[in-house]
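run.txt (compact mmCIF, C-alpha atoms and all ligand atoms) appears below.
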```txt
# COMPACT_ATOMS: atom_id res chain seq x y z
CA MET A 3 0.00 0.00 0.00
CA SER A 4 1.42 3.40 -0.87
CA ARG A 5 1.49 5.81 2.03
CA GLU A 6 2.15 9.47 2.38
CA SER A 7 5.45 10.10 4.10
CA MET A 8 6.66 13.15 6.06
CA GLU A 9 10.19 13.79 7.28
CA TYR A 10 11.17 15.58 10.48
CA ASP A 11 14.29 16.04 12.54
CA VAL A 12 12.46 14.62 15.55
CA VAL A 13 9.20 12.66 15.79
CA ILE A 14 7.68 12.40 19.28
CA ILE A 15 5.03 9.79 20.13
CA GLY A 16 2.76 10.90 22.98
CA GLY A 17 1.52 14.27 24.22
CA GLY A 18 1.88 13.76 27.98
CA PRO A 19 4.28 15.71 30.22
CA SER A 20 7.36 13.83 28.91
CA GLY A 21 6.64 14.20 25.17
CA LEU A 22 5.62 17.85 25.47
CA SER A 23 8.69 18.74 27.55
CA THR A 24 10.93 17.01 24.98
CA ALA A 25 9.31 19.09 22.24
CA ILE A 26 9.56 22.41 24.10
CA LYS A 27 13.18 21.88 25.12
CA LEU A 28 14.17 20.89 21.57
CA LYS A 29 12.74 24.11 20.13
CA GLN A 30 14.34 26.17 22.91
CA LEU A 31 17.71 24.64 22.05
CA ASP A 32 17.29 25.12 18.32
CA PRO A 33 14.24 26.92 16.87
CA ASN A 34 15.15 25.57 13.40
CA LEU A 35 14.59 21.93 14.30
CA ASN A 36 11.51 20.37 12.67
CA VAL A 37 9.66 18.66 15.46
CA CYS A 38 6.30 16.89 15.31
CA LEU A 39 4.33 15.25 18.10
CA LEU A 40 1.62 12.61 17.67
CA GLU A 41 -1.13 12.16 20.25
CA LYS A 42 -3.68 9.37 19.97
CA ALA A 43 -6.39 11.21 21.92
CA SER A 44 -8.72 13.55 20.02
CA GLU A 45 -7.08 16.48 21.82
CA ILE A 46 -4.03 16.89 24.04
CA GLY A 47 -4.96 16.03 27.63
CA ALA A 48 -8.02 13.91 26.76
CA HIS A 49 -6.29 10.65 27.83
CA ILE A 50 -4.50 12.11 30.85
CA LEU A 51 -5.98 10.86 34.09
CA SER A 52 -3.90 11.76 37.09
CA GLY A 53 -5.46 13.95 39.79
CA ASN A 54 -2.20 15.50 40.48
CA VAL A 55 -0.03 16.89 43.22
CA PHE A 56 2.61 18.54 41.10
CA GLU A 57 6.21 19.24 41.96
CA THR A 58 7.38 22.20 39.86
CA ARG A 59 11.12 21.37 39.82
CA ALA A 60 11.30 20.37 36.15
CA LEU A 61 8.91 23.11 35.04
CA ASP A 62 10.98 25.72 36.91
CA GLU A 63 13.88 24.71 34.67
CA LEU A 64 11.89 24.36 31.44
CA LEU A 65 9.77 27.51 31.61
CA PRO A 66 11.08 29.56 34.56
CA ASN A 67 8.46 32.26 33.88
CA TRP A 68 5.50 29.81 34.05
CA ARG A 69 3.74 32.00 36.62
CA GLU A 70 3.53 34.85 34.09
CA LEU A 71 2.29 32.59 31.28
CA ASN A 72 -1.20 32.02 32.69
CA SER A 73 -0.38 28.43 33.59
CA PRO A 74 -3.14 26.29 35.18
CA ILE A 75 -1.03 25.85 38.34
CA LYS A 76 -2.89 27.83 40.96
CA THR A 77 -3.71 25.83 44.11
CA LYS A 78 -0.73 25.53 46.43
CA VAL A 79 -0.75 22.70 48.97
CA THR A 80 -1.56 24.37 52.28
CA LYS A 81 -2.32 21.42 54.54
CA GLU A 82 -1.54 17.70 54.64
CA LYS A 83 -3.19 14.80 56.39
CA PHE A 84 -2.28 11.14 56.59
CA LEU A 85 -4.89 8.74 57.96
CA PHE A 86 -4.58 5.11 58.94
CA LEU A 87 -7.97 3.54 58.41
CA GLY A 88 -9.39 0.75 60.54
CA LYS A 89 -12.73 -0.73 59.49
CA THR A 90 -14.77 2.05 61.05
CA LYS A 91 -12.23 4.32 62.73
CA SER A 92 -9.27 6.33 61.59
CA LEU A 93 -6.13 7.65 63.16
CA SER A 94 -4.43 10.77 61.92
CA TRP A 95 -0.65 10.35 61.63
CA PRO A 96 1.45 13.53 61.93
CA THR A 97 2.72 14.20 58.43
CA TRP A 98 6.09 15.43 59.74
CA LEU A 99 6.69 11.82 60.79
CA LEU A 100 6.39 10.67 57.18
CA PRO A 101 9.53 10.26 55.09
CA ALA A 102 10.44 13.55 53.36
CA VAL A 103 9.59 12.05 49.94
CA GLN A 104 5.98 11.66 51.02
CA GLN A 105 5.55 15.28 52.05
CA ASN A 106 4.11 17.84 49.70
CA HIS A 107 5.25 21.30 50.85
CA GLU A 108 5.68 23.71 47.94
CA ASN A 109 3.68 21.43 45.62
CA TYR A 110 0.50 22.35 43.77
CA ILE A 111 -2.82 20.58 43.24
CA ILE A 112 -3.46 20.65 39.50
CA SER A 113 -5.31 19.01 36.66
CA LEU A 114 -2.53 17.27 34.73
CA ALA A 115 -4.76 17.26 31.65
CA ASN A 116 -4.95 21.08 31.81
CA LEU A 117 -1.22 21.32 32.38
CA CYS A 118 -0.67 19.23 29.22
CA ARG A 119 -3.06 21.46 27.23
CA TRP A 120 -1.10 24.49 28.38
CA LEU A 121 2.28 22.85 27.64
CA ALA A 122 0.96 22.04 24.15
CA GLU A 123 0.17 25.74 23.64
CA GLN A 124 3.73 26.64 24.67
CA ALA A 125 5.10 24.00 22.29
CA GLU A 126 2.95 25.23 19.39
CA ASN A 127 4.04 28.82 20.04
CA LEU A 128 7.61 27.61 19.58
CA GLY A 129 6.70 25.95 16.28
CA VAL A 130 6.16 22.30 17.24
CA GLU A 131 3.65 20.59 14.91
CA ILE A 132 1.14 18.71 17.08
CA PHE A 133 -1.16 16.11 15.53
CA PRO A 134 -3.91 15.01 17.94
CA GLY A 135 -6.11 12.07 16.91
CA PHE A 136 -3.17 10.20 15.35
CA PRO A 137 -2.11 7.03 17.17
CA ALA A 138 1.32 5.74 16.12
CA SER A 139 0.59 2.11 15.41
CA GLU A 140 3.79 0.61 14.01
CA ILE A 141 7.54 1.21 14.24
CA LEU A 142 9.56 1.58 11.03
CA TYR A 143 13.17 0.42 10.86
CA ASN A 144 16.07 1.24 8.54
CA GLU A 145 17.97 -1.56 6.86
CA ASP A 146 20.68 -1.36 9.54
CA GLY A 147 18.01 -2.05 12.21
CA SER A 148 17.85 1.49 13.60
CA VAL A 149 14.49 3.13 14.24
CA LYS A 150 13.35 5.20 11.26
CA GLY A 151 10.00 6.52 12.49
CA VAL A 152 6.42 5.32 12.83
CA VAL A 153 3.26 4.75 10.85
CA THR A 154 -0.01 6.20 12.10
CA GLN A 155 -3.07 3.99 12.34
CA ASP A 156 -5.09 3.34 9.18
CA MET A 157 -8.49 5.08 9.39
CA GLY A 158 -11.83 3.76 8.11
CA ILE A 159 -11.56 0.05 8.99
CA ASP A 160 -14.74 -1.81 10.03
CA LYS A 161 -14.97 -4.12 13.02
CA ASP A 162 -14.03 -7.16 10.91
CA GLY A 163 -10.89 -5.46 9.63
CA ASN A 164 -12.26 -4.62 6.14
CA LYS A 165 -11.67 -1.25 4.49
CA LYS A 166 -14.70 1.05 4.44
CA ASP A 167 -15.32 3.70 1.76
CA SER A 168 -13.82 6.21 4.17
CA PHE A 169 -10.55 4.21 4.35
CA GLU A 170 -7.38 6.27 4.55
CA PRO A 171 -3.99 4.65 4.95
CA GLY A 172 -1.84 5.77 7.87
CA ILE A 173 1.01 8.20 7.24
CA GLU A 174 4.70 7.45 7.65
CA LEU A 175 6.43 9.94 9.94
CA LEU A 176 10.17 9.64 9.61
CA GLY A 177 12.57 11.22 12.09
CA LYS A 178 16.34 11.49 12.39
CA VAL A 179 15.44 10.59 15.97
CA THR A 180 12.12 9.20 17.25
CA VAL A 181 11.14 9.74 20.89
CA PHE A 182 8.68 7.32 22.51
CA ALA A 183 6.67 9.06 25.23
CA GLU A 184 3.55 6.87 25.35
CA GLY A 185 3.28 6.57 29.13
CA CYS A 186 3.01 3.38 31.19
CA ARG A 187 3.20 0.17 29.10
CA GLY A 188 3.17 2.04 25.81
CA HIS A 189 2.58 -0.60 23.16
CA LEU A 190 5.44 0.57 20.90
CA GLY A 191 7.76 1.11 23.87
CA LYS A 192 7.12 -2.49 24.95
CA GLN A 193 8.16 -3.74 21.49
CA LEU A 194 11.35 -1.67 21.56
CA ILE A 195 12.29 -2.87 25.05
CA GLU A 196 11.98 -6.46 23.82
CA LYS A 197 13.64 -5.99 20.41
CA PHE A 198 16.68 -4.11 21.73
CA GLU A 199 16.76 -6.06 25.06
CA LEU A 200 16.70 -2.76 26.89
CA ASN A 201 15.69 -4.44 30.16
CA LYS A 202 18.52 -6.99 30.12
CA GLY A 203 19.99 -7.33 33.61
CA LYS A 204 17.24 -5.18 35.16
CA ASP A 205 14.62 -6.25 37.68
CA PRO A 206 11.25 -7.20 36.19
CA GLN A 207 8.97 -4.19 35.81
CA GLN A 208 6.10 -3.77 38.31
CA TYR A 209 2.72 -2.18 37.77
CA GLY A 210 -0.16 -0.77 39.72
CA ILE A 211 -3.66 0.34 38.84
CA GLY A 212 -4.86 3.80 39.78
CA PHE A 213 -8.47 4.98 39.86
CA LYS A 214 -9.45 8.59 39.97
CA GLU A 215 -12.78 10.33 40.41
CA ILE A 216 -13.40 14.06 40.31
CA TRP A 217 -16.08 15.12 42.79
CA GLU A 218 -17.76 18.43 43.36
CA ILE A 219 -18.42 18.50 47.09
CA GLU A 220 -20.36 20.69 49.49
CA ASP A 221 -18.67 23.92 50.47
CA LYS A 222 -18.58 22.99 54.15
CA ASN A 223 -16.51 19.87 53.41
CA HIS A 224 -14.09 21.53 51.04
CA GLU A 225 -10.66 22.78 52.13
CA GLU A 226 -8.84 24.12 49.07
CA GLY A 227 -5.17 23.16 49.24
CA LEU A 228 -5.66 20.08 51.46
CA VAL A 229 -3.80 16.92 50.44
CA MET A 230 -4.90 13.75 52.21
CA HIS A 231 -3.58 10.23 51.89
CA THR A 232 -4.75 7.07 53.62
CA ALA A 233 -3.33 3.59 54.23
CA GLY A 234 -4.97 0.52 55.78
CA TRP A 235 -8.60 -0.54 55.34
CA PRO A 236 -9.97 -1.95 53.10
CA LEU A 237 -6.64 -3.48 52.03
CA ASP A 238 -4.96 -6.20 54.05
CA ASN A 239 -1.32 -5.99 55.07
CA ASN A 240 -0.14 -8.03 52.05
CA THR A 241 -1.52 -5.57 49.54
CA TYR A 242 0.41 -2.46 48.51
CA GLY A 243 -1.83 0.53 48.07
CA GLY A 244 -3.66 3.49 49.48
CA SER A 245 -5.82 6.44 48.64
CA PHE A 246 -5.39 10.09 47.78
CA MET A 247 -7.78 13.00 48.09
CA TYR A 248 -6.69 16.40 46.79
CA HIS A 249 -8.89 19.45 47.39
CA ALA A 250 -8.55 21.57 44.23
CA GLU A 251 -10.23 24.81 43.13
CA ASN A 252 -13.98 25.26 42.53
CA LYS A 253 -15.13 22.88 45.32
CA GLN A 254 -13.59 19.97 43.45
CA VAL A 255 -11.71 17.05 44.98
CA PHE A 256 -9.57 14.54 43.09
CA LEU A 257 -10.22 11.27 44.86
CA GLY A 258 -8.41 8.09 43.95
CA TYR A 259 -6.94 4.78 44.91
CA VAL A 260 -3.75 3.03 43.82
CA ILE A 261 -3.21 -0.72 44.22
CA GLY A 262 -0.03 -2.63 43.33
CA LEU A 263 -0.85 -5.39 40.85
CA ASP A 264 1.32 -7.85 42.78
CA TYR A 265 -1.55 -8.50 45.23
CA LYS A 266 -1.74 -12.07 46.52
CA ASN A 267 -5.50 -12.60 46.83
CA PRO A 268 -6.79 -13.69 43.39
CA HIS A 269 -10.34 -12.66 44.35
CA LEU A 270 -9.39 -9.06 45.10
CA SER A 271 -11.06 -6.57 42.77
CA PRO A 272 -9.15 -3.26 42.91
CA TYR A 273 -12.15 -1.32 41.62
CA ASP A 274 -14.46 -2.76 44.29
CA GLU A 275 -11.88 -2.04 47.01
CA PHE A 276 -11.88 1.59 45.89
CA GLN A 277 -15.68 1.74 46.06
CA ARG A 278 -15.60 0.09 49.52
CA PHE A 279 -13.01 2.63 50.68
CA LYS A 280 -15.46 5.45 49.90
CA THR A 281 -17.93 4.02 52.43
CA HIS A 282 -15.49 4.54 55.32
CA PRO A 283 -16.95 7.15 57.71
CA ALA A 284 -13.83 9.35 57.42
CA ILE A 285 -14.26 9.51 53.63
CA LYS A 286 -18.03 9.32 53.32
CA LYS A 287 -18.49 12.44 55.45
CA ILE A 288 -16.41 14.45 52.95
CA ILE A 289 -18.13 13.35 49.73
CA GLU A 290 -21.67 12.92 51.04
CA GLY A 291 -24.01 15.38 49.30
CA GLY A 292 -21.47 15.85 46.53
CA LYS A 293 -21.53 14.76 42.91
CA ARG A 294 -19.05 12.64 40.95
CA ILE A 295 -18.39 14.46 37.70
CA SER A 296 -15.85 12.22 35.99
CA TYR A 297 -13.80 9.10 36.56
CA GLY A 298 -11.21 6.86 34.98
CA ALA A 299 -8.46 4.34 35.57
CA ARG A 300 -4.91 3.97 34.37
CA ALA A 301 -1.87 1.78 34.94
CA LEU A 302 1.13 3.07 36.88
CA ILE A 303 4.68 1.91 36.37
CA GLU A 304 6.08 1.12 39.81
CA GLY A 305 9.37 -0.76 39.40
CA GLY A 306 11.44 2.42 39.79
CA PHE A 307 15.22 2.61 39.61
CA GLN A 308 15.95 -1.14 39.66
CA SER A 309 13.60 -1.83 36.74
CA LEU A 310 14.48 1.18 34.61
CA PRO A 311 15.49 -0.11 31.15
CA LYS A 312 18.24 1.34 29.00
CA MET A 313 16.56 4.39 27.51
CA PHE A 314 18.41 4.71 24.20
CA MET A 315 18.69 2.55 21.08
CA PRO A 316 19.77 3.22 17.50
CA GLY A 317 17.60 6.05 16.19
CA ALA A 318 15.32 6.41 19.23
CA LEU A 319 14.93 7.29 22.90
CA LEU A 320 12.41 6.36 25.60
CA VAL A 321 11.18 9.05 28.00
CA GLY A 322 8.85 9.28 31.00
CA CYS A 323 6.62 6.41 32.04
CA ASP A 324 7.23 4.62 28.71
CA ALA A 325 10.59 3.86 30.33
CA GLY A 326 9.44 3.95 33.98
CA THR A 327 10.64 7.19 35.58
CA LEU A 328 7.78 7.39 38.14
CA ASN A 329 8.87 7.96 41.75
CA MET A 330 6.59 5.46 43.50
CA PRO A 331 6.98 6.47 47.17
CA LYS A 332 6.04 10.00 46.11
CA ILE A 333 3.35 8.66 43.70
CA LYS A 334 4.69 11.36 41.40
CA GLY A 335 5.77 10.85 37.84
CA SER A 336 4.95 14.15 36.14
CA HIS A 337 8.04 16.14 37.07
CA THR A 338 10.31 13.12 36.52
CA ALA A 339 8.71 12.44 33.11
CA MET A 340 9.27 16.09 32.17
CA LYS A 341 12.89 16.03 33.26
CA SER A 342 13.63 12.84 31.29
CA GLY A 343 12.17 14.56 28.20
CA MET A 344 14.36 17.61 28.76
CA ILE A 345 17.48 15.43 29.05
CA ALA A 346 16.42 13.56 25.91
CA ALA A 347 16.12 16.88 24.04
CA GLU A 348 19.65 17.93 25.06
CA THR A 349 20.91 14.53 23.90
CA ILE A 350 19.19 14.83 20.52
CA ASN A 351 20.44 18.37 19.97
CA GLU A 352 24.06 17.29 20.54
CA HIS A 353 23.49 14.19 18.40
CA LEU A 354 22.20 16.23 15.47
CA LYS A 355 24.69 19.13 15.79
CA GLU A 356 27.86 17.43 16.95
CA ASN A 357 27.23 13.90 15.74
CA LYS A 358 27.42 12.55 19.31
CA GLU A 359 26.00 9.06 19.98
CA LEU A 360 22.49 8.84 21.45
CA SER A 361 24.09 6.80 24.25
CA ILE A 362 25.16 10.10 25.89
CA TYR A 363 21.56 10.14 27.18
CA GLU A 364 22.64 7.64 29.85
CA ASN A 365 25.43 9.82 31.23
CA LYS A 366 23.32 12.95 31.12
CA PHE A 367 20.64 11.08 33.05
CA LYS A 368 23.22 9.84 35.58
CA ASN A 369 24.42 13.39 36.20
CA SER A 370 20.91 14.80 36.73
CA TRP A 371 18.76 15.29 39.82
CA LEU A 372 16.33 12.81 38.27
CA HIS A 373 18.82 9.97 38.70
CA LYS A 374 19.55 11.06 42.28
CA GLU A 375 15.83 11.24 43.10
CA LEU A 376 15.01 7.80 41.68
CA TYR A 377 18.12 6.27 43.26
CA GLU A 378 17.20 7.60 46.70
CA ALA A 379 13.64 6.25 46.38
CA ARG A 380 14.73 2.82 45.14
CA ASN A 381 14.18 0.76 48.30
CA VAL A 382 10.90 2.20 49.56
CA LYS A 383 8.57 0.05 47.44
CA PRO A 384 10.62 -3.17 47.92
CA SER A 385 10.56 -2.57 51.69
CA PHE A 386 6.80 -3.06 51.62
CA SER A 387 7.34 -6.63 50.47
CA TRP A 388 9.91 -7.23 53.20
CA GLY A 389 7.41 -5.99 55.77
CA ALA A 390 10.03 -3.54 57.06
CA ASN A 391 8.07 -0.41 56.33
CA PHE A 392 6.62 1.38 59.29
CA ARG A 393 3.20 1.53 57.65
CA ASN A 394 3.09 -2.24 57.54
CA TYR A 395 4.29 -2.37 61.11
CA PHE A 396 1.48 -0.02 62.07
CA TYR A 397 -1.10 -1.95 60.10
CA ARG A 398 -0.10 -5.27 61.65
CA ASN A 399 -0.37 -3.73 65.12
CA ARG A 400 -3.36 -1.55 64.41
CA SER A 401 -5.48 -3.02 67.20
CA ASN A 402 -3.05 -1.34 69.63
CA PHE A 403 -3.67 2.02 68.01
CA ILE A 404 -7.27 2.14 66.81
C1 LIG B 501 -4.20 7.55 39.52
C2 LIG B 501 -2.89 8.25 39.27
C3 LIG B 501 -2.48 9.27 40.11
C4 LIG B 501 -1.27 9.92 39.88
N1 LIG B 501 -0.92 10.95 40.71
C5 LIG B 501 0.18 11.68 40.43
C6 LIG B 501 0.50 12.83 41.21
O1 LIG B 501 -0.21 13.20 42.14
N2 LIG B 501 1.62 13.52 40.88
C7 LIG B 501 2.43 13.17 39.83
O2 LIG B 501 3.43 13.86 39.58
N3 LIG B 501 2.15 12.08 39.09
C8 LIG B 501 1.05 11.33 39.35
N4 LIG B 501 0.74 10.24 38.57
C9 LIG B 501 1.71 9.81 37.54
C10 LIG B 501 1.68 10.68 36.30
O3 LIG B 501 0.36 10.77 35.79
C11 LIG B 501 2.60 10.06 35.24
O4 LIG B 501 3.83 9.72 35.80
C12 LIG B 501 2.83 11.02 34.07
O5 LIG B 501 1.59 11.35 33.49
C13 LIG B 501 3.76 10.38 33.04
O6 LIG B 501 3.89 11.23 31.94
P1 LIG B 501 4.23 10.63 30.49
O7 LIG B 501 4.32 11.77 29.56
O8 LIG B 501 5.39 9.72 30.58
O9 LIG B 501 3.00 9.69 30.12
P2 LIG B 501 1.42 10.01 30.04
O10 LIG B 501 1.06 11.15 30.93
O11 LIG B 501 0.75 8.70 30.26
O12 LIG B 501 1.22 10.50 28.55
C14 LIG B 501 1.34 9.64 27.45
C15 LIG B 501 0.56 10.24 26.29
O13 LIG B 501 0.88 9.50 25.12
C16 LIG B 501 -0.32 9.20 24.40
N5 LIG B 501 -0.03 7.97 23.64
C17 LIG B 501 0.18 6.73 24.14
N6 LIG B 501 0.46 5.87 23.15
C18 LIG B 501 0.41 6.58 21.99
C19 LIG B 501 0.60 6.23 20.62
N7 LIG B 501 0.91 4.98 20.23
N8 LIG B 501 0.46 7.20 19.67
C20 LIG B 501 0.15 8.48 20.03
N9 LIG B 501 -0.06 8.86 21.34
C21 LIG B 501 0.10 7.91 22.30
C22 LIG B 501 -1.37 9.05 25.51
O14 LIG B 501 -2.67 9.24 25.00
C23 LIG B 501 -0.94 10.14 26.49
O15 LIG B 501 -1.53 11.38 26.18
C24 LIG B 501 -0.45 9.55 38.78
C25 LIG B 501 -0.87 8.53 37.93
C26 LIG B 501 -2.08 7.88 38.15
C27 LIG B 501 -2.52 6.80 37.20
```
Once you've parsed the file, please lay out its structure as structure tokens.
Ligand SMILES: Cc1cc2nc3c(=O)[nH]c(=O)nc-3n(C[C@H](O)[C@H](O)[C@H](O)COP(=O)(O)OP(=O)(O)OC[C@H]3O[C@@H](n4cnc5c(N)ncnc54)[C@H](O)[C@@H]3O)c2cc1C
Amino acid sequence: MSRESMEYDVVIIGGGPSGLSTAIKLKQLDPNLNVCLLEKASEIGAHILSGNVFETRALDELLPNWRELNSPIKTKVTKEKFLFLGKTKSLSWPTWLLPAVQQNHENYIISLANLCRWLAEQAENLGVEIFPGFPASEILYNEDGSVKGVVTQDMGIDKDGNKKDSFEPGIELLGKVTVFAEGCRGHLGKQLIEKFELNKGKDPQQYGIGFKEIWEIEDKNHEEGLVMHTAGWPLDNNTYGGSFMYHAENKQVFLGYVIGLDYKNPHLSPYDEFQRFKTHPAIKKIIEGGKRISYGARALIEGGFQSLPKMFMPGALLVGCDAGTLNMPKIKGSHTAMKSGMIAAETINEHLKENKELSIYENKFKNSWLHKELYEARNVKPSFSWGANFRNYFYRNRSNFI
């Protein structure tokens, strides 16, 4: 089948925080680079789920004047709560006793979807070509095996796979470098990791499932700027997980639950545990009388530092959660995804200008705060399995406390 083909310096797959930061940084480094970004959702942000507590560290570096650019980052965290839930009671744990990584001073409660929409505007102002509604469906390779680009999905196929009258073949997008920024378990990223054995010698990757609901709650229950997390009921002490509730602007709360998919009980239904959690008196009293206005679920990549694959290969780079840069103890992956994209952009710029190997990505990553942050967080999640974490200790001995 003959396909239309377009050539760019850099083709980016995915319009989340990592892909958009790659695009912005590339154009900041060299406004003459031709950069395009494909997003499978109908608009940027439409497939972004996280109800987000956002650390601005990467954004401060990428767009230091973000406060003057009408960014959707308005609600500063003003108060934090951590509750241990028993079946009917709860105990508030002083947040200063939590490890520093789990504290949220100086962070903001945001809609990550809105942040991505705004980042896309910044990217477009710099000349990045953004194509929403175009899923990259296949990887193209050069004869020497290096990545050449991608093909977008064919349009106008019926449910049996036959071409309809409206059929249009996908387009080939060819890049000197292709950046894969599809998020957790990106289907092209998975193929690359296998083909180039990028995870050789690394720990197996780990995943979780995260649910999020946006609620509009009664004024009397709303405390703008409050970040609340819970551990304990309804999960047992062998299941890694907990809840979040972030009080955003406009009487909205982002309420969600994250459960590690390494749970032992085969009958456990993460979705039903989340629904059960909402019936706890400490939670019910906040959302009662309110209205759920949207909801969704998404996988999280939880393996962290030990499971991080090699992030470069001939002709391409992996960034963000497509590789696995989420900091699990923080449950934050937005700033880390952004930083990985910025490092990828510096790598590509030097590759294109000075003919340096794409493998310099690794060293640049090693010398960045991102590496330090993920390295420092590396043992927190594994410690849950060893039962050494104080939360597990507390949960096991909860009858003494609650
Ligand atoms: C429930 C939950 C709560 C979270 N809470 C927080 C939090 O409070 N703070 C925080 O910092 N982080 C949080 N995270 C993590 C954060 O959302 C991610 O780490 C971050 O979004 C990763 O960015 P990314 O750009 O790598 O991937 P994503 O944000 O997943 O973006 C990937 C984009 O690529 C697109 N895409 C995928 N495949 C293709 C394809 N083949 N072709 C074209 N487009 C494609 C997707 O539609 C998507 O828009 C949370 C995550 C979840 C699930």
Considering all atoms listed in the file, give me a table of residues in segment 181-271 of chain A that are at most 12 Å from segment 41-59 of chain A, with the closest atom pair and distance in Å for each, as JSON lines.
```
{"residue": "A:Phe182", "atom": "CA", "partner": "A:Glu41", "partner_atom": "CA", "distance": 11.2}
{"residue": "A:Ala183", "atom": "CA", "partner": "A:Glu41", "partner_atom": "CA", "distance": 9.8}
{"residue": "A:Glu184", "atom": "CA", "partner": "A:Glu41", "partner_atom": "CA", "distance": 8.7}
{"residue": "A:Gly185", "atom": "CA", "partner": "A:Ile50", "partner_atom": "CA", "distance": 9.7}
{"residue": "A:Cys186", "atom": "CA", "partner": "A:Ile50", "partner_atom": "CA", "distance": 11.5}
{"residue": "A:Gly188", "atom": "CA", "partner": "A:Lys42", "partner_atom": "CA", "distance": 11.6}
{"residue": "A:Ile211", "atom": "CA", "partner": "A:Ser52", "partner_atom": "CA", "distance": 11.6}
{"residue": "A:Gly212", "atom": "CA", "partner": "A:Ser52", "partner_atom": "CA", "distance": 8.5}
{"residue": "A:Phe213", "atom": "CA", "partner": "A:Leu51", "partner_atom": "CA", "distance": 8.6}
{"residue": "A:Lys214", "atom": "CA", "partner": "A:Gly53", "partner_atom": "CA", "distance": 6.7}
{"residue": "A:Glu215", "atom": "CA", "partner": "A:Gly53", "partner_atom": "CA", "distance": 8.2}
{"residue": "A:Ile216", "atom": "CA", "partner": "A:Gly53", "partner_atom": "CA", "distance": 8.0}
{"residue": "A:Trp217", "atom": "CA", "partner": "A:Gly53", "partner_atom": "CA", "distance": 11.1}
{"residue": "A:Gly227", "atom": "CA", "partner": "A:Val55", "partner_atom": "CA", "distance": 10.1}
{"residue": "A:Leu228", "atom": "CA", "partner": "A:Val55", "partner_atom": "CA", "distance": 10.5}
{"residue": "A:Val229", "atom": "CA", "partner": "A:Val55", "partner_atom": "CA", "distance": 8.1}
{"residue": "A:Met230", "atom": "CA", "partner": "A:Val55", "partner_atom": "CA", "distance": 10.7}
{"residue": "A:His231", "atom": "CA", "partner": "A:Val55", "partner_atom": "CA", "distance": 11.5}
{"residue": "A:Ser245", "atom": "CA", "partner": "A:Gly53", "partner_atom": "CA", "distance": 11.6}
{"residue": "A:Phe246", "atom": "CA", "partner": "A:Gly53", "partner_atom": "CA", "distance": 8.9}
{"residue": "A:Met247", "atom": "CA", "partner": "A:Gly53", "partner_atom": "CA", "distance": 8.7}
{"residue": "A:Tyr248", "atom": "CA", "partner": "A:Gly53", "partner_atom": "CA", "distance": 7.5}
{"residue": "A:His249", "atom": "CA", "partner": "A:Gly53", "partner_atom": "CA", "distance": 10.0}
{"residue": "A:Ala250", "atom": "CA", "partner": "A:Gly53", "partner_atom": "CA", "distance": 9.3}
{"residue": "A:Gln254", "atom": "CA", "partner": "A:Gly53", "partner_atom": "CA", "distance": 10.8}
{"residue": "A:Val255", "atom": "CA", "partner": "A:Gly53", "partner_atom": "CA", "distance": 8.7}
{"residue": "A:Phe256", "atom": "CA", "partner": "A:Gly53", "partner_atom": "CA", "distance": 5.3}
{"residue": "A:Leu257", "atom": "CA", "partner": "A:Gly53", "partner_atom": "CA", "distance": 7.5}
{"residue": "A:Gly258", "atom": "CA", "partner": "A:Gly53", "partner_atom": "CA", "distance": 7.8}
{"residue": "A:Tyr259", "atom": "CA", "partner": "A:Gly53", "partner_atom": "CA", "distance": 10.6}
{"residue": "A:Val260", "atom": "CA", "partner": "A:Ser52", "partner_atom": "CA", "distance": 11.0}
```
For the residues in that selection, give me C-alpha atoms as a compact mmCIF listing (two decimals), in the frame of the given file.
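Output (selection.txt):
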```txt
# COMPACT_ATOMS: atom_id res chain seq x y z
CA PHE A 182 8.68 7.32 22.51
CA ALA A 183 6.67 9.06 25.23
CA GLU A 184 3.55 6.87 25.35
CA GLY A 185 3.28 6.57 29.13
CA CYS A 186 3.01 3.38 31.19
CA GLY A 188 3.17 2.04 25.81
CA ILE A 211 -3.66 0.34 38.84
CA GLY A 212 -4.86 3.80 39.78
CA PHE A 213 -8.47 4.98 39.86
CA LYS A 214 -9.45 8.59 39.97
CA GLU A 215 -12.78 10.33 40.41
CA ILE A 216 -13.40 14.06 40.31
CA TRP A 217 -16.08 15.12 42.79
CA GLY A 227 -5.17 23.16 49.24
CA LEU A 228 -5.66 20.08 51.46
CA VAL A 229 -3.80 16.92 50.44
CA MET A 230 -4.90 13.75 52.21
CA HIS A 231 -3.58 10.23 51.89
CA SER A 245 -5.82 6.44 48.64
CA PHE A 246 -5.39 10.09 47.78
CA MET A 247 -7.78 13.00 48.09
CA TYR A 248 -6.69 16.40 46.79
CA HIS A 249 -8.89 19.45 47.39
CA ALA A 250 -8.55 21.57 44.23
CA GLN A 254 -13.59 19.97 43.45
CA VAL A 255 -11.71 17.05 44.98
CA PHE A 256 -9.57 14.54 43.09
CA LEU A 257 -10.22 11.27 44.86
CA GLY A 258 -8.41 8.09 43.95
CA TYR A 259 -6.94 4.78 44.91
CA VAL A 260 -3.75 3.03 43.82
```
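Atom CA of Thr77 of chain A sits 18.2 Å away from atom CA of Lys222 of chain A.
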Check the smallest atom-to-atom distance from each of A:Tyr110, A:Phe307, A:Phe86, A:Phe279 to Ala379 of chain A using all atoms listed in the file, then report the winner.
-> A:Phe307
For the atom pair atom CA of Asn201 of chain A and atom C1 of ligand LIG 501 (chain B), what is the interatomic distance in Å to one decimal place?
-> 25.0 Å
Using all atoms listed in the file, pick whichever of A:Lys332, A:Lys192, A:Lys286, A:Lys374 has the shortest atom-to-atom distance to ligand LIG 501 (chain B).
-> A:Lys332
